[in-house]
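Text of the file run-v8.tsv, holding TSV, C-alpha atoms and all ligand atoms:
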```
chain	number	residue	atom	x	y	z
A	1	MET	CA	0.00	0.00	0.00
A	2	THR	CA	1.36	3.43	-0.89
A	3	ILE	CA	0.02	6.38	0.99
A	4	ASN	CA	0.29	9.74	-0.67
A	5	PHE	CA	1.08	12.76	1.39
A	6	GLN	CA	1.11	16.28	0.07
A	7	LYS	CA	4.16	17.22	2.08
A	8	SER	CA	6.80	15.90	4.37
A	9	TYR	CA	9.20	17.90	6.47
A	10	THR	CA	12.37	16.94	8.32
A	11	THR	CA	15.08	18.83	10.08
A	12	ASP	CA	17.64	16.08	10.13
A	13	GLY	CA	16.14	12.91	8.70
A	14	LYS	CA	15.74	11.49	12.22
A	15	VAL	CA	12.19	12.70	12.55
A	16	VAL	CA	9.93	13.01	9.50
A	17	HIS	CA	6.61	14.83	9.68
A	18	LEU	CA	4.02	13.83	7.09
A	19	SER	CA	1.04	16.06	6.45
A	20	LYS	CA	-1.83	15.50	4.10
A	21	ASP	CA	-3.07	18.99	3.21
A	22	GLU	CA	0.05	21.11	3.13
A	23	GLU	CA	3.44	21.23	4.78
A	24	ILE	CA	2.71	21.89	8.41
A	25	ASN	CA	4.92	24.96	8.77
A	26	ILE	CA	3.12	26.59	5.83
A	27	LYS	CA	-0.16	25.92	7.58
A	28	LEU	CA	1.19	27.40	10.83
A	29	GLY	CA	2.51	30.42	8.92
A	30	LYS	CA	-1.02	31.08	7.68
A	31	ILE	CA	-2.44	30.80	11.19
A	32	ILE	CA	0.27	32.70	13.11
A	33	GLY	CA	1.48	35.15	10.46
A	34	LYS	CA	4.68	36.81	9.27
A	35	LYS	CA	6.60	36.36	12.51
A	36	PHE	CA	6.24	32.61	12.15
A	37	VAL	CA	7.18	32.63	8.46
A	38	ASP	CA	10.33	34.66	9.22
A	39	TYR	CA	11.33	32.31	12.02
A	40	ARG	CA	10.95	29.27	9.76
A	41	LYS	CA	13.11	30.94	7.10
A	42	LYS	CA	15.84	31.32	9.70
A	43	TRP	CA	15.30	27.73	10.85
A	44	ASP	CA	15.70	26.42	7.29
A	45	ALA	CA	18.84	28.53	6.73
A	46	ALA	CA	20.32	27.22	10.01
A	47	ASN	CA	19.51	23.68	8.84
A	48	LYS	CA	21.53	24.31	5.71
A	49	PHE	CA	24.42	25.66	7.84
A	50	GLU	CA	24.02	29.03	6.15
A	51	LEU	CA	23.11	30.90	9.32
A	52	VAL	CA	24.19	30.99	12.94
A	53	THR	CA	21.63	33.10	14.77
A	54	ASP	CA	22.58	35.41	17.63
A	55	PHE	CA	20.55	33.27	20.04
A	56	PRO	CA	19.14	29.72	19.68
A	57	LEU	CA	15.87	29.48	17.76
A	58	PHE	CA	14.64	26.69	20.01
A	59	LEU	CA	14.91	26.20	23.77
A	60	HIS	CA	14.29	22.61	24.78
A	61	CYS	CA	13.74	22.54	28.56
A	62	GLU	CA	13.63	19.14	30.19
A	63	LEU	CA	11.82	20.19	33.37
A	64	ASN	CA	12.10	16.78	35.04
A	65	GLN	CA	12.40	13.09	34.18
A	66	THR	CA	9.13	11.83	35.61
A	67	CYS	CA	6.94	9.45	33.62
A	68	ASN	CA	4.13	6.99	34.36
A	69	PHE	CA	5.26	4.59	31.58
A	70	THR	CA	8.41	2.50	31.19
A	71	CYS	CA	8.69	2.09	27.41
A	72	PRO	CA	11.62	-0.32	26.95
A	73	HIS	CA	13.16	1.57	23.97
A	74	CYS	CA	13.22	4.89	25.89
A	75	ILE	CA	15.75	5.98	28.49
A	76	ILE	CA	12.95	6.49	31.02
A	77	GLY	CA	12.06	2.81	30.82
A	78	ASN	CA	15.63	1.96	31.81
A	79	LYS	CA	16.25	3.13	35.36
A	80	GLN	CA	19.96	2.25	35.48
A	81	ILE	CA	20.62	4.44	32.45
A	82	VAL	CA	18.56	7.27	33.91
A	83	LYS	CA	20.80	7.09	36.99
A	84	LYS	CA	23.92	7.07	34.85
A	85	TYR	CA	23.14	10.21	32.89
A	86	TYR	CA	20.74	12.22	35.02
A	87	LYS	CA	21.17	13.72	38.46
A	88	ASP	CA	18.62	12.83	41.16
A	89	ASN	CA	15.64	15.10	41.75
A	90	ASP	CA	17.23	17.95	39.91
A	91	GLU	CA	14.22	19.66	38.40
A	92	ILE	CA	13.97	22.97	36.62
A	93	ASN	CA	11.54	24.81	38.88
A	94	PHE	CA	9.24	27.62	37.77
A	95	GLN	CA	11.66	30.35	38.87
A	96	ASP	CA	14.50	28.83	36.80
A	97	TYR	CA	12.15	28.31	33.89
A	98	LYS	CA	11.10	31.97	34.05
A	99	ARG	CA	14.75	33.00	33.86
A	100	ILE	CA	15.18	30.82	30.75
A	101	VAL	CA	12.05	32.24	29.11
A	102	ASP	CA	12.95	35.82	30.07
A	103	GLU	CA	16.37	35.51	28.49
A	104	GLY	CA	14.83	33.96	25.37
A	105	SER	CA	12.27	36.73	25.21
A	106	GLU	CA	15.01	39.37	25.35
A	107	TYR	CA	16.42	37.90	22.11
A	108	ASN	CA	13.00	37.28	20.48
A	109	CYS	CA	13.49	33.53	20.65
A	110	PRO	CA	10.50	32.01	18.81
A	111	SER	CA	10.31	28.43	19.96
A	112	ILE	CA	10.30	26.38	23.17
A	113	ALA	CA	9.41	22.91	24.46
A	114	PRO	CA	8.76	22.84	28.22
A	115	GLN	CA	9.47	19.11	28.21
A	116	GLY	CA	12.08	16.45	27.43
A	117	ASN	CA	12.28	12.79	28.35
A	118	ASN	CA	9.26	12.83	30.64
A	119	GLU	CA	5.48	12.92	30.59
A	120	PRO	CA	4.55	16.61	30.58
A	121	PHE	CA	0.90	16.27	31.64
A	122	LEU	CA	1.86	14.72	34.95
A	123	MET	CA	2.73	18.28	35.97
A	124	LYS	CA	-0.45	19.76	37.39
A	125	ASN	CA	0.71	23.33	36.65
A	126	LEU	CA	2.14	22.75	33.16
A	127	GLU	CA	-0.31	25.29	31.72
A	128	GLU	CA	1.46	28.01	33.75
A	129	TYR	CA	4.71	27.15	31.97
A	130	ILE	CA	3.05	27.29	28.56
A	131	ARG	CA	1.14	30.49	29.30
A	132	TYR	CA	4.26	32.19	30.59
A	133	ALA	CA	6.22	31.43	27.40
A	134	HIS	CA	3.24	32.54	25.30
A	135	SER	CA	2.95	35.82	27.24
A	136	LYS	CA	6.66	36.46	26.64
A	137	GLY	CA	6.31	36.27	22.86
A	138	PHE	CA	7.18	32.64	22.06
A	139	ILE	CA	5.19	31.68	18.94
A	140	ASP	CA	6.01	27.99	18.58
A	141	ILE	CA	5.43	26.10	21.83
A	142	MET	CA	5.42	22.34	21.50
A	143	LEU	CA	4.86	19.17	23.50
A	144	ASN	CA	4.93	15.41	23.01
A	145	ASN	CA	2.84	13.31	25.35
A	146	ASN	CA	1.82	9.72	25.90
A	147	GLY	CA	-1.94	10.39	25.83
A	148	SER	CA	-2.66	8.99	29.29
A	149	ALA	CA	-2.92	12.20	31.31
A	150	LEU	CA	-4.57	14.55	28.83
A	151	VAL	CA	-8.08	13.74	29.99
A	152	GLU	CA	-11.19	15.75	29.21
A	153	LYS	CA	-11.06	18.03	32.25
A	154	ARG	CA	-7.54	19.09	31.30
A	155	ALA	CA	-8.23	19.64	27.60
A	156	LYS	CA	-9.86	23.09	27.88
A	157	SER	CA	-7.01	24.63	29.87
A	158	ILE	CA	-4.50	23.22	27.37
A	159	LEU	CA	-6.51	24.57	24.45
A	160	ASP	CA	-6.51	28.00	26.12
A	161	SER	CA	-2.84	27.95	27.11
A	162	GLY	CA	-1.19	29.15	23.89
A	163	LEU	CA	0.27	25.76	22.89
A	164	THR	CA	1.20	25.60	19.17
A	165	ARG	CA	1.91	21.89	18.53
A	166	LEU	CA	0.80	18.79	20.42
A	167	ARG	CA	1.89	15.29	19.51
A	168	PHE	CA	0.63	12.00	20.92
A	169	SER	CA	3.15	9.15	20.86
A	170	LEU	CA	1.61	5.79	20.08
A	171	ASP	CA	4.34	3.72	18.39
A	172	ALA	CA	1.84	1.04	17.39
A	173	SER	CA	-1.36	0.33	15.54
A	174	ASN	CA	-2.26	-3.06	17.03
A	175	PRO	CA	-3.31	-3.16	20.71
A	176	GLU	CA	-1.01	-6.13	21.40
A	177	THR	CA	2.05	-4.36	20.01
A	178	PHE	CA	1.05	-1.20	21.87
A	179	LYS	CA	1.05	-3.14	25.15
A	180	LYS	CA	4.60	-4.31	24.49
A	181	VAL	CA	6.07	-0.98	23.39
A	182	ARG	CA	4.17	1.45	25.66
A	183	VAL	CA	4.70	-0.42	28.90
A	184	GLY	CA	2.62	0.87	31.80
A	185	SER	CA	0.01	2.50	29.58
A	186	PRO	CA	-3.73	2.03	29.82
A	187	PRO	CA	-4.97	0.08	26.76
A	188	LEU	CA	-4.63	1.66	23.32
A	189	GLU	CA	-8.41	2.16	23.10
A	190	ARG	CA	-8.39	4.37	26.22
A	191	ILE	CA	-5.54	6.49	24.84
A	192	LYS	CA	-7.34	6.83	21.49
A	193	LYS	CA	-10.47	7.93	23.35
A	194	ASN	CA	-8.46	10.72	25.01
A	195	ILE	CA	-7.07	11.82	21.64
A	196	TYR	CA	-10.47	11.79	19.90
A	197	ARG	CA	-12.08	13.68	22.77
A	198	PHE	CA	-9.33	16.33	22.66
A	199	LEU	CA	-9.79	16.72	18.89
A	200	GLU	CA	-13.54	17.01	19.33
A	201	LEU	CA	-13.22	19.73	21.99
A	202	LYS	CA	-10.74	21.58	19.81
A	203	GLU	CA	-13.11	21.49	16.85
A	204	LYS	CA	-16.22	22.39	18.83
A	205	GLY	CA	-14.41	25.30	20.46
A	206	GLY	CA	-13.20	26.62	17.08
A	207	TYR	CA	-9.52	26.45	18.07
A	208	LYS	CA	-6.96	26.56	15.26
A	209	LEU	CA	-4.14	25.62	17.62
A	210	PRO	CA	-2.50	23.49	18.74
A	211	ILE	CA	-1.95	21.59	15.54
A	212	THR	CA	-2.05	17.93	16.47
A	213	GLY	CA	-0.11	14.87	15.51
A	214	VAL	CA	0.59	11.26	16.34
A	215	SER	CA	4.02	9.74	16.44
A	216	PHE	CA	5.59	6.36	15.71
A	217	VAL	CA	9.20	5.39	16.33
A	218	ASN	CA	10.42	2.71	13.92
A	219	ILE	CA	11.52	-0.33	15.87
A	220	LYS	CA	11.73	-3.99	14.94
A	221	GLN	CA	8.77	-4.75	17.21
A	222	ASN	CA	6.31	-2.46	15.35
A	223	ILE	CA	7.78	-1.94	11.88
A	224	ASP	CA	5.23	-4.22	10.15
A	225	GLU	CA	2.37	-1.97	11.19
A	226	LYS	CA	3.85	1.37	10.16
A	227	GLU	CA	1.76	1.75	7.02
A	228	LYS	CA	-1.41	0.72	8.82
A	229	PHE	CA	-0.61	3.33	11.48
A	230	ILE	CA	-0.14	6.07	8.88
A	231	ASP	CA	-3.31	5.08	7.07
A	232	GLU	CA	-5.29	5.02	10.29
A	233	TRP	CA	-4.27	8.51	11.41
A	234	LYS	CA	-3.62	10.50	8.23
A	235	ASP	CA	-7.17	11.90	8.03
A	236	VAL	CA	-7.56	12.38	11.75
A	237	VAL	CA	-4.63	14.59	12.79
A	238	ASP	CA	-2.57	17.33	11.11
A	239	ILE	CA	0.69	15.40	11.09
A	240	VAL	CA	1.89	11.83	11.35
A	241	THR	CA	5.47	11.73	12.62
A	242	ILE	CA	7.81	8.84	11.95
A	243	GLN	CA	10.99	8.73	14.03
A	244	ARG	CA	14.25	6.90	13.57
A	245	PHE	CA	15.21	4.71	16.53
A	246	ALA	CA	18.05	6.29	18.53
A	247	PRO	CA	19.21	3.95	21.29
A	248	PRO	CA	19.25	5.69	24.68
A	249	SER	CA	22.74	4.31	25.36
A	250	PHE	CA	25.37	2.27	23.58
A	251	GLU	CA	24.68	-0.99	25.39
A	252	LYS	CA	23.99	-4.22	23.52
A	253	LYS	CA	20.57	-4.59	25.15
A	254	PHE	CA	19.18	-2.06	22.67
A	255	ASP	CA	20.32	-3.95	19.55
A	256	LYS	CA	17.06	-5.87	19.43
A	257	TYR	CA	15.07	-2.71	18.65
A	258	TYR	CA	16.75	-1.83	15.35
A	259	PRO	CA	14.54	-2.54	12.33
A	260	ASP	CA	16.46	-4.35	9.56
A	261	ASP	CA	16.43	-1.35	7.22
A	262	GLN	CA	18.27	0.86	9.73
A	263	PHE	CA	21.57	-0.96	9.11
A	264	LEU	CA	24.23	0.29	6.70
A	265	ASP	CA	27.03	-1.61	4.97
A	266	LYS	CA	29.69	0.71	6.33
A	267	PRO	CA	29.87	3.61	8.81
A	268	MET	CA	28.75	7.02	7.59
A	269	ASP	CA	31.60	8.82	5.79
A	270	SER	CA	30.30	12.14	6.94
A	271	PHE	CA	27.36	13.43	8.92
A	272	ASN	CA	26.23	16.98	9.62
A	273	CYS	CA	24.24	17.29	12.81
A	274	VAL	CA	21.95	20.30	12.66
A	275	GLN	CA	20.92	20.44	16.29
A	276	PRO	CA	23.77	22.72	17.48
A	277	PHE	CA	22.65	25.17	14.78
A	278	HIS	CA	19.17	25.76	16.11
A	279	ARG	CA	18.72	24.64	19.70
A	280	VAL	CA	19.97	24.21	23.20
A	281	VAL	CA	18.68	21.52	25.53
A	282	ILE	CA	18.57	22.39	29.21
A	283	ARG	CA	18.54	19.46	31.59
A	284	ASN	CA	19.60	19.25	35.24
A	285	ASN	CA	21.04	22.80	35.01
A	286	ASP	CA	23.29	21.71	32.14
A	287	ILE	CA	23.06	23.74	28.96
A	288	THR	CA	23.77	21.30	26.14
A	289	PRO	CA	23.78	21.40	22.32
A	290	CYS	CA	21.36	18.58	21.49
A	291	CYS	CA	18.65	16.21	22.67
A	292	ALA	CA	20.84	13.09	22.98
A	293	VAL	CA	20.39	11.48	26.40
A	294	TYR	CA	24.12	11.86	27.00
A	295	SER	CA	24.31	15.46	25.75
A	296	SER	CA	25.75	16.60	29.11
A	297	LYS	CA	29.02	15.14	27.86
A	298	LEU	CA	28.97	18.04	25.39
A	299	LYS	CA	27.90	20.58	28.02
A	300	ILE	CA	28.35	24.21	26.95
A	301	GLY	CA	27.24	25.93	30.16
A	302	ASP	CA	25.58	25.73	33.55
A	303	LEU	CA	22.27	27.46	34.02
A	304	ARG	CA	23.26	28.60	37.53
A	305	PHE	CA	26.35	30.47	36.36
A	306	ASN	CA	26.10	31.11	32.63
A	307	SER	CA	23.65	32.83	30.34
A	308	ILE	CA	22.23	30.85	27.44
A	309	TYR	CA	23.62	33.56	25.15
A	310	ASN	CA	27.18	32.97	26.40
A	311	ALA	CA	26.80	29.19	26.18
A	312	TRP	CA	25.54	29.52	22.58
A	313	HIS	CA	28.64	31.56	21.68
A	314	SER	CA	31.09	29.51	23.77
A	315	LYS	CA	34.28	28.14	22.29
A	316	GLU	CA	32.96	24.57	22.72
A	317	MET	CA	29.71	25.32	20.87
A	318	ASN	CA	31.49	27.13	18.03
A	319	GLU	CA	33.92	24.23	17.64
A	320	LEU	CA	31.07	21.71	17.62
A	321	ARG	CA	29.25	23.72	14.94
A	322	ASP	CA	32.41	23.98	12.83
A	323	MET	CA	32.95	20.25	13.08
A	324	HIS	CA	29.38	19.45	12.06
A	325	LYS	CA	29.39	21.94	9.23
A	326	LYS	CA	32.31	19.98	7.76
A	327	GLY	CA	30.58	16.63	8.37
A	328	GLU	CA	33.42	15.46	10.63
A	329	TYR	CA	31.26	13.89	13.33
A	330	TYR	CA	33.91	11.24	14.02
A	331	LYS	CA	36.27	13.85	15.50
A	332	ASN	CA	34.20	14.05	18.68
A	333	ASP	CA	33.87	10.80	20.66
A	334	THR	CA	30.31	11.46	21.80
A	335	CYS	CA	29.09	12.46	18.34
A	336	LYS	CA	30.89	9.50	16.81
A	337	LYS	CA	29.10	7.06	19.13
A	338	CYS	CA	25.81	8.86	18.63
A	339	VAL	CA	25.92	8.83	14.81
A	340	ASN	CA	27.22	5.26	14.67
A	341	SER	CA	24.41	4.12	16.94
A	342	MET	CA	21.75	5.77	14.80
A	343	TYR	CA	23.31	4.53	11.55
A	344	PRO	CA	24.67	1.15	12.68
A	345	VAL	CA	26.67	-1.18	10.49
A	346	LYS	CA	25.34	-4.61	9.62
A	347	LYS	CA	27.19	-7.29	11.57
A	348	LYS	CA	28.97	-9.82	9.34
A	349	LYS	CA	27.88	-13.43	9.79
A	350	ASN	CA	30.81	-15.79	10.56
A	401	LIG	C1	10.85	10.52	25.16
A	401	LIG	S1	9.16	10.81	24.77
A	401	LIG	C2	8.68	12.10	25.86
A	401	LIG	C3	7.27	12.55	25.73
A	401	LIG	C4	6.18	11.59	26.10
A	401	LIG	N1	6.41	10.86	27.27
A	401	LIG	C5	5.88	10.70	24.92
A	401	LIG	O1	6.00	9.48	25.02
A	401	LIG	O2	5.53	11.29	23.89
A	401	LIG	C6	9.26	11.66	23.22
A	401	LIG	C7	9.25	10.78	22.00
A	401	LIG	O3	10.46	10.05	21.91
A	401	LIG	C8	10.18	8.77	21.42
A	401	LIG	N2	11.27	7.88	21.81
A	401	LIG	C9	11.46	7.24	22.99
A	401	LIG	N3	12.58	6.50	22.94
A	401	LIG	C10	13.10	6.66	21.70
A	401	LIG	C11	14.23	6.14	21.04
A	401	LIG	N4	15.06	5.31	21.66
A	401	LIG	N5	14.47	6.52	19.76
A	401	LIG	C12	13.63	7.38	19.12
A	401	LIG	N6	12.54	7.92	19.70
A	401	LIG	C13	12.27	7.54	20.97
A	401	LIG	C14	8.85	8.44	22.03
A	401	LIG	O4	8.16	7.39	21.35
A	401	LIG	C15	8.13	9.75	21.93
A	401	LIG	O5	7.54	9.86	20.66
A	402	LIG	S1	5.92	7.63	27.79
A	402	LIG	FE1	7.48	8.86	26.75
A	402	LIG	S2	8.99	9.42	28.35
A	402	LIG	FE2	7.65	7.85	29.19
A	402	LIG	S3	8.82	5.98	28.92
A	402	LIG	FE3	7.44	6.18	27.15
A	402	LIG	S4	8.57	7.30	25.56
A	402	LIG	FE4	9.67	7.52	27.50
A	403	LIG	S1	25.74	13.82	20.22
A	403	LIG	FE1	26.56	15.04	18.49
A	403	LIG	S2	25.75	14.04	16.65
A	403	LIG	FE2	24.52	13.32	18.41
A	403	LIG	S3	22.76	14.71	18.45
A	403	LIG	FE3	24.34	15.53	19.83
A	403	LIG	S4	25.53	16.98	18.59
A	403	LIG	FE4	24.35	15.72	17.20
```

Serialized structure, structure tokens:
Amino acid sequence: MTINFQKSYTTDGKVVHLSKDEEINIKLGKIIGKKFVDYRKKWDAANKFELVTDFPLFLHCELNQTCNFTCPHCIIGNKQIVKKYYKDNDEINFQDYKRIVDEGSEYNCPSIAPQGNNEPFLMKNLEEYIRYAHSKGFIDIMLNNNGSALVEKRAKSILDSGLTRLRFSLDASNPETFKKVRVGSPPLERIKKNIYRFLELKEKGGYKLPITGVSFVNIKQNIDEKEKFIDEWKDVVDIVTIQRFAPPSFEKKFDKYYPDDQFLDKPMDSFNCVQPFHRVVIRNNDITPCCAVYSSKLKIGDLRFNSIYNAWHSKEMNELRDMHKKGEYYKNDTCKKCVNSMYPVKKKKN
């Protein structure tokens, strides 16, 4: 079965957004206006390594690492790895978050995610975080969620918060597969009910935003139902997102999740990572250049002592950008492991 989409969009090939009517950023440009269109022009130029903005275009704030699921392919489902890379109970509280948003606002930063590897709707006051960013001029505020905690009584306050994009992660089409990949979740039918109810309230209330999507990470365990998943959701939500599997660490236990078509014959000759060109990820007070679980190894600043502006222009960040512009990912140990784990080489049979 071949499913035709009008448009697809990707920043780096790792995450591909498929939309049926028109490319989703064009749609958002029509809803939000010139400011949004200008920001996306800068984003696309940064993606082509033609522009280094004065301040990151995207602030990715991992407020905590709390989740009610333990999906086995995600770091959060692997407590030992969480302990290895994350500090205990080190949350970004509202005061710290305000400082981040205020600095972003000073530089007209357009885009923020008040969330990382966690379940955002477990935070009872998440709307305050969204509203604050919205009030400070952020025009692209986005969240991914697992669909379990966005129940009807929460939907209205989310619809009124100023959120721009909302994505539900499902990673499966069949209930049995869902149970295996979204461990700890209520059944797929309950999650779907939450999604449909949210969409209904959005439509009835005449809300244009947030644009909505569902997401599917390609792993061996679900790969056979990818097309069914796309077909099932393409007319229901604005975007269907397909993600490349990126193992949370370099341990062998994650080998079993790679789908067969993720393997290459030889390591990548070159790879240009775009993340240090448009974002910073803030986690446990560390200011880092990307969303990799182990990005603290590439730390460019500490929120307690450094401004985001200075971290963005630090020697380490400039060197990382230079390296990625040239495609020389293998010159940095962390990037080398990261790229080789996302583009693994087929093992030879003896
Ligand atoms: C880490 S979750 C955080 C937000 C929320 N809890 C959720 O599940 O959407 C964000 C997204 O990353 C995906 N994800 C988790 N582990 C992944 C991995 N190893 N490789 C690629 N994507 C992954 C999830 O399926 C989800 O779509
Ligand atoms: S729900 Fe999201 S954060 Fe939680 S374990 Fe699953 S993928 Fe990870
Ligand atoms: S570790 Fe390096 S290659 Fe991987 S996402 Fe971060 S910057 Fe990009």

For chain A against ligand LIG 401 (chain A), with a cut-off of 6 Å and counting only C-alpha atoms and all ligand atoms, what is the closest atom pair and its distance in Å to one decimal for every residue that makes the cut, ordered by chain and number, as CSV?
```
residue,atom,partner,partner_atom,distance
A:His73,CA,A:LIG401,N4,4.8
A:Cys74,CA,A:LIG401,N3,3.4
A:Gly116,CA,A:LIG401,C2,5.7
A:Asn117,CA,A:LIG401,C1,4.2
A:Asn118,CA,A:LIG401,N1,4.8
A:Glu119,CA,A:LIG401,N1,4.0
A:Asn144,CA,A:LIG401,O2,4.3
A:Asn145,CA,A:LIG401,O2,3.7
A:Asn146,CA,A:LIG401,O1,4.3
A:Phe168,CA,A:LIG401,O2,5.8
A:Ser169,CA,A:LIG401,O2,4.4
A:Ser215,CA,A:LIG401,O5,5.5
A:Val217,CA,A:LIG401,N6,5.4
A:Gln243,CA,A:LIG401,C12,5.9
A:Arg244,CA,A:LIG401,C12,5.6
A:Phe245,CA,A:LIG401,N5,3.8
A:Ala246,CA,A:LIG401,N5,3.8
A:Pro247,CA,A:LIG401,N4,4.4
A:Pro248,CA,A:LIG401,N4,5.2
```

Give me the residues near region 178-182 of chain A as a PyMOL selection string, where near means some atom within 9 Å (using all atoms listed in the file) and where sequence neighbours in that chain fewer than 2 positions away do not count.
chain A and resi 69-73+146+170-176+184-188+221-222

To one decimal place, how far is CA of Val37 (chain A) from CA of Thr10 (chain A) in Å?
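The value is 16.5 Å.
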
Would you tabulate, counting all atoms listed in the file, all residues of region 266-323 of chain A that have an atom at most 7 Å from an atom of region 45-48 of chain A, showing the closest pair of atoms and their distance in Å to one decimal, sorted by chain then ascending number, as a tab-separated table?
```
residue	atom	partner	partner_atom	distance
A:Val274	CA	A:Asn47	CA	5.7
A:Phe277	CA	A:Ala46	CA	5.7
A:His278	CA	A:Ala46	CA	6.4
```

Within 9 Å of region 296-311 of chain A: each region 18-68 of chain A residue with its shortest pair, only C-alpha atoms, as a Markdown table:
```
| residue | atom | partner | partner_atom | distance |
| --- | --- | --- | --- | --- |
| A:Asp54 | CA | A:Tyr309 | CA | 7.8 |
| A:Phe55 | CA | A:Tyr309 | CA | 6.0 |
| A:Pro56 | CA | A:Tyr309 | CA | 8.0 |
```

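With all atoms listed in the file taken into account, the protein and nucleic acid residues at most 7 Å from Val345 (chain A) (excluding it and anything under 5 positions from it in its own chain) are Phe263, Leu264, Asp265, Lys266 and Pro267 of chain A.
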
Counting all atoms listed in the file, the residue among A:Ile242, A:Ile26, A:Gly13, A:Leu166 that lies closest to ligand LIG 403 (chain A) is A:Gly13

Using all atoms listed in the file, find the one residue out of A:Glu316, A:Glu103, A:Asp160, A:Asp255 that sits nearest to ligand LIG 403 (chain A).
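Ranking A:Glu316, A:Glu103, A:Asp160, A:Asp255 by distance to ligand LIG 403 (chain A), first place goes to A:Glu316.
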
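Going from CA of Cys67 (chain A) to atom S3 of ligand LIG 402 (chain A) covers 6.1 Å.
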
Tell me, in Å to one decimal, how far CA of Asp231 (chain A) is from CA of Lys27 (chain A).
21.1 Å

Selection as a PyMOL selection string: residues within 8 Å of ligand LIG 403 (chain A) by all atoms listed in the file
chain A and resi 271-276+289-292+294-295+298+320+324+329+332+334-339

So, counting only C-alpha atoms and all ligand atoms, which residue among A:Asn64, A:Asn284, A:Asn25, A:Ser19 is closest to ligand LIG 402 (chain A)?
A:Asn64

Determine, counting only C-alpha atoms, which protein, DNA and RNA residues have an atom within 10 Å of an atom of Gln65 (chain A); residues of the same chain fewer than 5 positions away are not included. Present the result as a compact mmCIF listing (two decimals) with C-alpha atoms, in the coordinates of the input.
```
# COMPACT_ATOMS: atom_id res chain seq x y z
CA ILE A 75 15.75 5.98 28.49
CA ILE A 76 12.95 6.49 31.02
CA VAL A 82 18.56 7.27 33.91
CA TYR A 86 20.74 12.22 35.02
CA LYS A 87 21.17 13.72 38.46
CA ASP A 88 18.62 12.83 41.16
CA ASN A 89 15.64 15.10 41.75
CA ASP A 90 17.23 17.95 39.91
CA GLU A 91 14.22 19.66 38.40
CA GLN A 115 9.47 19.11 28.21
CA GLY A 116 12.08 16.45 27.43
CA ASN A 117 12.28 12.79 28.35
CA ASN A 118 9.26 12.83 30.64
CA GLU A 119 5.48 12.92 30.59
CA PRO A 120 4.55 16.61 30.58
CA ARG A 283 18.54 19.46 31.59
CA ASN A 284 19.60 19.25 35.24
```

Using all atoms listed in the file, which residues sit within 12 Å of Pro210 (chain A) once same-chain residues fewer than 4 positions away are excluded, as a ChimeraX atom specification?
/A:24,27-28,31-32,130,139-144,155-156,158-167,198-199,201-203,206,237-239

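Closest approach to ligand LIG 402 (chain A) among A:Pro259, A:Gly205, A:Gly137, A:Gly77: A:Gly77, based on all atoms listed in the file.
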
Excluding Cys109 (chain A) and its own-chain neighbours fewer than 3 positions away, which residues fall within 6 Å of it when counting only C-alpha atoms? Please give them as a PyMOL selection string.
chain A and resi 57+104-105

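With distances taken over all atoms listed in the file, A:Ile191 is the one residue among A:Ile282, A:Leu18, A:Met268, A:Ile191 lying closest to ligand LIG 402 (chain A).
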
Once 3 Å is added on each side, what centre and edge lengths in Å to one decimal does the axis-aligned box around all listed atoms of region 333-349 of chain A have, as AutoDock Vina command-line options?
```
--center_x 27.8 --center_y -0.5 --center_z 15.6 --size_x 18.1 --size_y 31.9 --size_z 18.5
```
